[in-house]
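Data block for data.txt (compact mmCIF, C-alpha atoms):
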# COMPACT_ATOMS: atom_id res chain seq x y z
CA MET A 1 60.97 92.06 69.67
CA ASN A 2 59.76 88.48 70.12
CA LEU A 3 60.34 86.28 67.08
CA PRO A 4 58.77 82.84 66.62
CA ALA A 5 61.00 79.99 67.77
CA ARG A 6 62.53 79.12 64.40
CA ALA A 7 66.15 78.53 63.46
CA TRP A 8 68.05 81.30 61.70
CA HIS A 9 68.32 79.34 58.46
CA GLU A 10 64.51 79.24 58.25
CA TRP A 11 64.47 83.04 58.22
CA ASN A 12 67.45 83.46 55.92
CA PRO A 13 68.04 80.34 53.79
CA GLY A 14 71.10 81.68 51.94
CA PRO A 15 73.88 81.46 54.54
CA THR A 16 75.63 78.35 55.81
CA VAL A 17 74.56 77.66 59.39
CA VAL A 18 76.91 75.78 61.72
CA ARG A 19 75.85 74.61 65.17
CA THR A 20 78.38 74.20 67.95
CA ILE A 21 78.63 73.56 71.65
CA ASP A 22 81.41 75.47 73.37
CA ALA A 23 83.27 74.24 76.43
CA HIS A 24 86.58 74.71 78.20
CA ALA A 25 88.95 72.27 79.86
CA GLU A 26 90.82 73.94 82.72
CA GLY A 27 90.46 77.27 80.93
CA GLU A 28 91.35 76.23 77.37
CA PRO A 29 88.40 76.58 74.94
CA LEU A 30 86.96 73.87 72.75
CA ARG A 31 84.32 74.67 70.15
CA VAL A 32 82.67 71.36 69.26
CA ILE A 33 81.31 71.56 65.70
CA LEU A 34 78.15 69.45 65.53
CA ASP A 35 76.73 70.03 62.05
CA GLY A 36 76.69 72.35 59.06
CA LEU A 37 79.76 70.77 57.44
CA PRO A 38 79.90 68.48 54.42
CA SER A 39 80.74 64.83 55.06
CA LEU A 40 84.46 64.23 55.47
CA GLU A 41 85.78 61.74 52.94
CA GLY A 42 88.34 59.12 53.91
CA ASP A 43 88.66 55.69 55.47
CA THR A 44 91.02 56.85 58.21
CA ILE A 45 91.06 59.88 60.48
CA LEU A 46 94.27 61.10 58.84
CA GLU A 47 92.60 60.85 55.40
CA ARG A 48 89.65 62.87 56.72
CA ARG A 49 92.11 65.38 58.16
CA ARG A 50 93.69 65.80 54.72
CA PHE A 51 90.24 66.17 53.12
CA ALA A 52 89.24 68.81 55.67
CA ARG A 53 92.44 70.78 55.10
CA GLN A 54 91.89 70.76 51.34
CA HIS A 55 88.13 71.36 51.17
CA ILE A 56 86.69 73.05 54.28
CA ASP A 57 89.55 75.10 55.66
CA THR A 58 87.54 78.31 55.25
CA ILE A 59 84.97 76.96 57.71
CA ARG A 60 87.78 76.31 60.17
CA THR A 61 88.99 79.90 59.83
CA ALA A 62 85.43 81.22 60.04
CA LEU A 63 84.89 79.53 63.41
CA MET A 64 88.38 79.88 64.90
CA TRP A 65 89.30 83.41 63.76
CA GLU A 66 87.57 86.71 64.41
CA PRO A 67 84.80 87.85 64.40
CA ARG A 68 83.38 84.51 65.63
CA GLY A 69 86.52 83.34 67.40
CA HIS A 70 89.91 84.77 68.32
CA ALA A 71 93.62 84.07 67.88
CA ASP A 72 93.66 81.51 70.70
CA MET A 73 90.42 79.69 69.87
CA TYR A 74 90.45 75.91 69.60
CA GLY A 75 87.86 73.52 68.24
CA CYS A 76 87.02 70.07 66.98
CA ILE A 77 84.92 68.37 64.34
CA LEU A 78 83.01 65.22 65.26
CA THR A 79 83.17 62.42 62.71
CA PRO A 80 82.17 58.75 62.68
CA PRO A 81 84.78 56.34 64.10
CA VAL A 82 87.06 54.24 61.91
CA THR A 83 88.32 51.72 64.46
CA PRO A 84 86.08 48.73 65.27
CA GLY A 85 84.54 49.31 68.70
CA ALA A 86 85.31 53.04 68.77
CA ASP A 87 82.55 55.48 69.73
CA LEU A 88 83.46 58.54 67.67
CA GLY A 89 86.19 60.21 65.70
CA VAL A 90 87.45 63.74 66.15
CA LEU A 91 89.55 66.26 64.24
CA PHE A 92 91.07 69.10 66.23
CA VAL A 93 91.40 72.61 64.74
CA HIS A 94 93.14 75.80 65.81
CA ASN A 95 94.37 79.14 64.48
CA GLU A 96 96.87 77.56 62.07
CA GLY A 97 95.22 74.37 60.91
CA PHE A 98 94.45 70.82 62.02
CA SER A 99 96.35 69.23 64.91
CA THR A 100 97.21 65.58 65.46
CA MET A 101 95.91 65.08 69.02
CA CYS A 102 94.67 67.27 71.83
CA GLY A 103 94.42 66.27 75.48
CA HIS A 104 92.31 69.16 76.70
CA GLY A 105 90.10 68.50 73.68
CA ILE A 106 89.58 64.87 74.71
CA ILE A 107 88.58 65.99 78.21
CA ALA A 108 86.20 68.66 76.88
CA VAL A 109 84.60 66.65 74.06
CA SER A 110 84.05 63.68 76.39
CA THR A 111 82.22 66.00 78.78
CA VAL A 112 80.15 67.51 75.97
CA VAL A 113 78.99 64.26 74.37
CA ILE A 114 77.94 62.79 77.74
CA GLU A 115 76.27 65.86 79.25
CA THR A 116 74.31 66.62 76.06
CA GLY A 117 73.26 63.01 75.48
CA ILE A 118 75.08 62.65 72.15
CA LEU A 119 76.47 59.41 73.58
CA ARG A 120 74.82 57.33 76.29
CA ALA A 121 76.39 57.47 79.73
CA THR A 122 77.07 54.38 81.85
CA PRO A 123 77.74 55.87 85.30
CA PRO A 124 79.74 56.04 87.42
CA ILE A 125 82.44 55.77 84.72
CA THR A 126 81.63 55.99 81.02
CA THR A 127 84.34 54.64 78.75
CA LEU A 128 84.75 56.40 75.40
CA ARG A 129 87.00 55.15 72.63
CA ILE A 130 87.92 58.08 70.41
CA ASP A 131 89.69 57.95 67.05
CA THR A 132 92.15 60.82 66.61
CA PRO A 133 94.72 61.50 63.86
CA ALA A 134 97.42 60.24 66.26
CA GLY A 135 95.56 57.02 67.05
CA LEU A 136 92.92 55.56 69.34
CA VAL A 137 92.51 57.28 72.71
CA THR A 138 90.44 55.84 75.57
CA ALA A 139 88.68 58.35 77.82
CA PHE A 140 86.91 57.76 81.12
CA ALA A 141 84.14 60.20 82.07
CA HIS A 142 83.61 60.08 85.84
CA GLY A 143 80.21 61.19 87.13
CA SER A 144 76.52 60.79 86.40
CA ALA A 145 74.54 60.78 83.17
CA GLU A 146 73.82 64.50 83.64
CA ARG A 147 77.14 65.69 85.03
CA VAL A 148 80.73 64.77 84.25
CA ASP A 149 82.89 65.60 87.26
CA ARG A 150 86.23 64.67 85.75
CA VAL A 151 87.73 62.99 82.69
CA THR A 152 90.85 60.87 82.55
CA PHE A 153 92.22 59.39 79.35
CA HIS A 154 94.85 56.91 78.25
CA ASN A 155 96.76 58.53 75.45
CA VAL A 156 98.59 57.08 72.47
CA PRO A 157 102.12 55.75 73.20
CA SER A 158 104.33 58.65 74.25
CA TYR A 159 108.08 58.68 74.07
CA VAL A 160 111.29 60.69 74.17
CA LEU A 161 113.05 61.54 70.93
CA GLU A 162 115.98 63.47 72.42
CA LEU A 163 117.14 64.57 75.86
CA GLU A 164 119.21 67.70 76.42
CA GLY A 165 119.57 68.70 72.83
CA SER A 166 120.92 72.15 72.08
CA VAL A 167 120.19 74.74 69.44
CA ARG A 168 121.36 78.31 69.00
CA ILE A 169 118.55 80.83 68.71
CA ASP A 170 119.21 84.38 67.51
CA GLY A 171 118.57 86.84 70.30
CA VAL A 172 118.30 84.06 72.88
CA GLY A 173 121.56 82.10 72.73
CA ASP A 174 122.15 78.39 73.17
CA VAL A 175 118.91 76.70 74.24
CA VAL A 176 118.84 73.26 75.86
CA PHE A 177 115.68 71.28 75.15
CA ASP A 178 114.08 67.86 75.45
CA LEU A 179 112.17 66.59 72.43
CA ALA A 180 109.23 64.27 73.13
CA PHE A 181 105.96 63.00 71.65
CA GLY A 182 102.64 62.83 73.49
CA GLY A 183 100.32 62.76 70.49
CA ALA A 184 102.27 65.69 69.05
CA PHE A 185 105.97 66.60 69.16
CA TYR A 186 107.13 69.32 71.54
CA ALA A 187 110.43 70.95 72.46
CA PHE A 188 110.53 71.30 76.26
CA VAL A 189 112.61 74.17 77.62
CA ASP A 190 113.18 75.26 81.21
CA ALA A 191 111.77 78.79 81.24
CA GLY A 192 114.38 80.05 83.70
CA SER A 193 117.20 78.91 81.40
CA VAL A 194 116.11 81.52 78.84
CA GLY A 195 115.28 84.24 81.36
CA LEU A 196 111.52 83.67 81.46
CA ARG A 197 108.84 82.76 84.00
CA CYS A 198 105.68 80.75 83.33
CA GLU A 199 103.38 83.60 84.33
CA PRO A 200 100.77 85.73 82.53
CA GLY A 201 102.91 88.85 82.82
CA GLN A 202 105.52 87.19 80.59
CA LEU A 203 103.00 86.20 77.90
CA ARG A 204 104.36 88.28 75.01
CA ARG A 205 107.96 87.18 75.64
CA LEU A 206 106.87 83.55 76.02
CA ILE A 207 105.14 83.70 72.62
CA GLU A 208 108.05 85.35 70.85
CA THR A 209 110.69 83.08 72.39
CA GLY A 210 108.54 79.96 71.95
CA ASN A 211 108.03 80.70 68.26
CA ALA A 212 111.75 81.29 67.78
CA ILE A 213 112.67 78.03 69.52
CA LYS A 214 110.13 76.08 67.48
CA ALA A 215 111.55 77.50 64.25
CA GLY A 216 115.13 76.87 65.37
CA VAL A 217 114.56 73.25 66.41
CA THR A 218 112.57 72.56 63.24
CA ALA A 219 115.47 73.85 61.13
CA ALA A 220 118.10 71.96 63.11
CA ARG A 221 116.41 68.58 63.63
CA THR A 222 114.73 66.04 61.40
CA ILE A 223 111.60 64.87 63.21
CA GLU A 224 110.27 61.50 62.13
CA HIS A 225 107.21 59.59 63.27
CA PRO A 226 107.53 55.77 63.13
CA THR A 227 104.30 55.17 61.21
CA ASP A 228 102.73 58.38 59.86
CA PRO A 229 104.62 61.14 58.01
CA ASP A 230 101.62 63.45 58.61
CA LEU A 231 102.53 63.46 62.32
CA ALA A 232 106.22 64.20 61.79
CA PHE A 233 106.48 67.88 62.68
CA LEU A 234 107.22 70.01 65.73
CA TYR A 235 103.88 71.26 67.04
CA GLY A 236 105.16 73.70 69.64
CA THR A 237 107.44 74.75 72.46
CA ILE A 238 106.54 73.98 76.06
CA PHE A 239 108.19 76.05 78.76
CA THR A 240 108.44 74.41 82.16
CA GLY A 241 108.94 76.03 85.52
CA PRO A 242 108.26 75.73 89.22
CA ALA A 243 104.66 75.44 90.38
CA LEU A 244 103.16 78.33 92.30
CA SER A 245 101.08 75.96 94.46
CA PRO A 246 103.03 73.87 97.00
CA ASP A 247 101.09 70.69 96.18
CA ALA A 248 101.75 70.81 92.42
CA HIS A 249 104.76 69.31 90.68
CA SER A 250 105.55 72.02 88.13
CA ARG A 251 104.07 74.33 85.52
CA ASN A 252 103.65 74.12 81.71
CA VAL A 253 103.15 76.90 79.18
CA CYS A 254 102.63 75.65 75.65
CA ILE A 255 103.20 77.92 72.63
CA PHE A 256 101.90 76.13 69.54
CA ALA A 257 100.50 76.64 66.03
CA ASP A 258 100.78 80.34 65.06
CA GLY A 259 101.80 81.68 68.47
CA GLU A 260 98.73 80.20 70.17
CA VAL A 261 98.94 79.89 73.96
CA ASP A 262 97.30 76.99 75.79
CA ARG A 263 95.41 78.14 78.88
CA SER A 264 95.43 74.56 80.21
CA PRO A 265 98.56 72.57 81.13
CA THR A 266 98.30 70.86 77.67
CA GLY A 267 97.19 67.23 77.76
CA THR A 268 99.56 66.02 75.05
CA GLY A 269 102.29 68.06 76.71
CA VAL A 270 101.64 66.41 80.08
CA SER A 271 101.77 63.04 78.28
CA ALA A 272 105.17 63.89 76.85
CA ARG A 273 106.31 65.28 80.21
CA VAL A 274 105.60 62.02 82.05
CA ALA A 275 107.46 60.15 79.29
CA ILE A 276 110.47 62.43 79.86
CA HIS A 277 110.40 62.05 83.64
CA HIS A 278 109.99 58.29 83.36
CA ALA A 279 112.90 58.04 80.90
CA ARG A 280 115.08 59.92 83.38
CA GLY A 281 114.06 57.63 86.25
CA GLU A 282 112.21 60.48 87.98
CA LEU A 283 108.67 59.07 87.76
CA ALA A 284 107.69 55.53 88.68
CA ILE A 285 104.78 53.72 87.03
CA GLY A 286 101.54 54.68 88.79
CA THR A 287 102.89 57.80 90.51
CA THR A 288 100.67 60.81 89.83
CA ILE A 289 101.95 64.35 89.39
CA SER A 290 99.91 67.55 89.11
CA ILE A 291 101.00 70.14 86.56
CA GLU A 292 99.80 73.74 86.53
CA SER A 293 98.98 75.94 83.55
CA ILE A 294 99.80 79.60 83.01
CA ILE A 295 96.51 80.49 84.77
CA GLY A 296 96.99 78.02 87.61
CA SER A 297 94.56 75.32 86.44
CA ARG A 298 95.79 71.73 86.61
CA PHE A 299 96.01 68.40 84.85
CA THR A 300 97.20 65.24 86.52
CA GLY A 301 99.56 62.87 84.76
CA ARG A 302 100.97 59.42 85.40
CA VAL A 303 102.51 56.49 83.56
CA VAL A 304 100.02 53.64 83.28
CA GLU A 305 102.39 51.15 81.69
CA GLN A 306 105.57 50.77 79.70
CA THR A 307 105.39 49.78 76.05
CA THR A 308 107.29 50.18 72.81
CA PHE A 309 106.46 52.23 69.76
CA GLY A 310 108.32 51.96 66.50
CA GLY A 311 110.79 49.66 68.24
CA ALA A 312 111.70 52.29 70.85
CA PRO A 313 110.75 52.51 74.56
CA ALA A 314 107.48 54.33 75.21
CA VAL A 315 104.81 54.70 77.87
CA ILE A 316 101.04 54.82 77.99
CA PRO A 317 100.23 58.02 79.91
CA GLU A 318 97.05 58.89 81.75
CA VAL A 319 96.02 62.54 81.92
CA GLY A 320 93.09 63.93 83.89
CA GLY A 321 91.20 67.20 84.28
CA ARG A 322 87.81 68.94 84.28
CA ALA A 323 85.72 70.55 81.57
CA PHE A 324 82.60 72.71 81.54
CA ILE A 325 80.09 73.61 78.84
CA THR A 326 80.01 77.37 78.27
CA GLY A 327 77.43 77.83 75.52
CA ARG A 328 75.50 76.64 72.48
CA HIS A 329 75.83 78.54 69.24
CA GLU A 330 74.33 78.76 65.77
CA PHE A 331 76.89 80.51 63.61
CA VAL A 332 75.89 82.16 60.34
CA LEU A 333 78.34 82.23 57.42
CA ASP A 334 76.66 84.68 55.07
CA PRO A 335 78.03 84.73 51.49
CA ALA A 336 77.57 88.52 51.41
CA ASP A 337 79.71 88.99 54.53
CA PRO A 338 83.22 90.20 53.53
CA PHE A 339 84.55 88.52 56.69
CA ARG A 340 82.62 85.28 56.15
CA SER A 341 85.85 83.24 56.39
CA GLY A 342 87.19 85.25 59.32
CA PHE A 343 90.32 87.30 59.82
CA PHE A 344 93.35 86.78 62.02
CA LEU A 345 95.01 89.38 64.23
CA ARG A 346 97.76 88.63 66.71
Please re-express this file's structure in structure tokens.
Amino acid sequence: MNLPARAWHEWNPGPTVVRTIDAHAEGEPLRVILDGLPSLEGDTILERRRFARQHIDTIRTALMWEPRGHADMYGCILTPPVTPGADLGVLFVHNEGFSTMCGHGIIAVSTVVIETGILRATPPITTLRIDTPAGLVTAFAHGSAERVDRVTFHNVPSYVLELEGSVRIDGVGDVVFDLAFGGAFYAFVDAGSVGLRCEPGQLRRLIETGNAIKAGVTAARTIEHPTDPDLAFLYGTIFTGPALSPDAHSRNVCIFADGEVDRSPTGTGVSARVAIHHARGELAIGTTISIESIIGSRFTGRVVEQTTFGGAPAVIPEVGGRAFITGRHEFVLDPADPFRSGFFLR
């Protein structure tokens, strides 16, 4: 049946209609929410994050959870910038709530806003200044006005909170971890030290063990952020292991939020990784490493410069990768639908 070219809300004016553009960065999805939401109140991105959590969380669940999403869906909300000279603001969302920063999300949203013409490109490198809850991030979209070949970004200051800490986890034993911040806090654990491998066949055990480590470290350590209490929490566990490709440095598998698994190497995780390696004297400024994900995709990472943050040593990391648009959607949130706000199965 051929219907006239009219939007769904013109046929059925009752439901809420939300338009998105979907993309992925090295395999990890990003659903970019363009419109259909109320304006987010707040003078800072963190204030808007609090407003969104309090007032539109059901729209997050509707778009991240089934039947419109899935347990490992990830997304973002575009918002006007708050920093003078910034190009846009962004809030990142996932199966559990609203995150503080997202590296794969920066790569994907930069690709989306350039390739769709939301922001004007200035080839061969378009510089985007993006306000996130963790701070201002500068992204560089490499390519033409029609096609972004690659995105690199300079993240917020990243630093080590603790090296070789230890916590006892029921059913696992004593676990040695590094605690570092790359826009979010992660506990880094060598997968082999807990009898795991960073491979798809180990997925269920990685999720279960990662969740247990996150809970154990959260209970055993007080995590503080120098400037923003809203950022002071352990976001996830990142297992590290040997790369399967001979030209890659290593492999990351990030278990975050409510057992969500990052299909990419995790941009904030790579940021924290380079801070760890630099703190140990294993990575010189300007030296690039390539880190694999659980599916073999890659991000590059390097230290751009040394700095301080909250009076402690820190680095400015650069992370790079590719993203691709996968679809455009007009989602209908019908008030009569019993699953309007979604449901979550793991």
For CA of His225 in chain A and CA of Pro157 in chain A, determine how far apart the two atoms are, in Å to one decimal place.
11.8 Å
For Ala243 in chain A: contacts at 9 Å, all atoms listed in the file, fewer than 6 positions along chain excluded, given as a ChimeraX atom specification
/A:198,249-252,291-293,296
Could you write out the selected residues, including C-alpha atoms, as a PDB file, in the coordinates of the input?
ATOM      1  CA  CYS A 198     105.680  80.750  83.330  1.00  0.00           C
ATOM      2  CA  HIS A 249     104.760  69.310  90.680  1.00  0.00           C
ATOM      3  CA  SER A 250     105.550  72.020  88.130  1.00  0.00           C
ATOM      4  CA  ARG A 251     104.070  74.330  85.520  1.00  0.00           C
ATOM      5  CA  ASN A 252     103.650  74.120  81.710  1.00  0.00           C
ATOM      6  CA  ILE A 291     101.000  70.140  86.560  1.00  0.00           C
ATOM      7  CA  GLU A 292      99.800  73.740  86.530  1.00  0.00           C
ATOM      8  CA  SER A 293      98.980  75.940  83.550  1.00  0.00           C
ATOM      9  CA  GLY A 296      96.990  78.020  87.610  1.00  0.00           C
TER      10      GLY A 296
END
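Minimum distance to Cys102 in chain A across A:Ala121, A:Val167, A:Cys76, A:Val32 (counting all atoms listed in the file) occurs at A:Cys76.
Proximity to Leu30 in chain A was assessed for A:Phe233, A:Phe309, A:Phe153, A:Phe324 counting all atoms listed in the file; the smallest distance is recorded for A:Phe324.
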Non-local contacts of range 255-269 of chain A (7 Å; only C-alpha atoms; under 4 positions in same chain excluded) as a VMD selection string
chain A and resid 25 to 28 71 to 72 95 to 96 102 to 104 182 to 184 207 210 to 211 235 to 238 273 291 to 295 297 to 299 319
Step by step: start from the point (89.5, 71.8, 55.8) in the file's coordinates, keep every protein, DNA or RNA residue that has an atom no farther than 12 Å from it, count all atoms listed in the file, and write the set as an MDAnalysis selection string.
chainID A and resid 37:41 47:63 76:77 91:94 96:99
Counting all atoms listed in the file, which residue out of A:Glu282, A:Asp337, A:Asp22, A:Asp87 sits closest to Thr127 in chain A?
A:Asp87
Closest to Asp35 in chain A among A:Thr79, A:Thr308, A:Ser341, A:Thr152, using only C-alpha atoms?
A:Thr79
For CA of Gly89 in chain A and CA of Asp43 in chain A, the interatomic separation in Å (one decimal)
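Between CA of Gly89 in chain A and CA of Asp43 in chain A the gap is 11.5 Å.
Distance annotation: of A:Ala284, A:Val113, A:Leu345, A:Ala134, the residue with the minimal separation from Asp228 in chain A is A:Ala134; atom set is all atoms listed in the file.
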What's the 12 Å shell around Ile114 in chain A, counting all atoms listed in the file, without same-chain residues fewer than 5 positions away, as JSON, numbers by chain?
{"A": [87, 107, 108, 109, 119, 120, 121, 122, 123, 124, 125, 126, 127, 128, 139, 140, 141, 142, 143, 144, 145, 146, 147, 148, 149, 150, 151, 323, 324, 325]}
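You will find CA of Leu203 in chain A at 13.7 Å from CA of Thr240 in chain A.
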Minimum-distance residue to His154 in chain A, chosen among A:Leu231, A:Val137, A:Leu283, A:Val175 (using only C-alpha atoms):
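That would be A:Val137, the residue with the smallest distance to His154 in chain A.
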Residues within 9 Å of Ser166 in chain A, please, as a ChimeraX atom specification. Count all atoms listed in the file; anything in the same chain fewer than 4 positions from it doesn't count.
/A:174-178,217
Contact residues around Ser158 in chain A with all atoms listed in the file at 8 Å, ignoring same-chain residues under 5 positions, as a PyMOL selection string:
chain A and resi 180-183+271-272+275+314-317
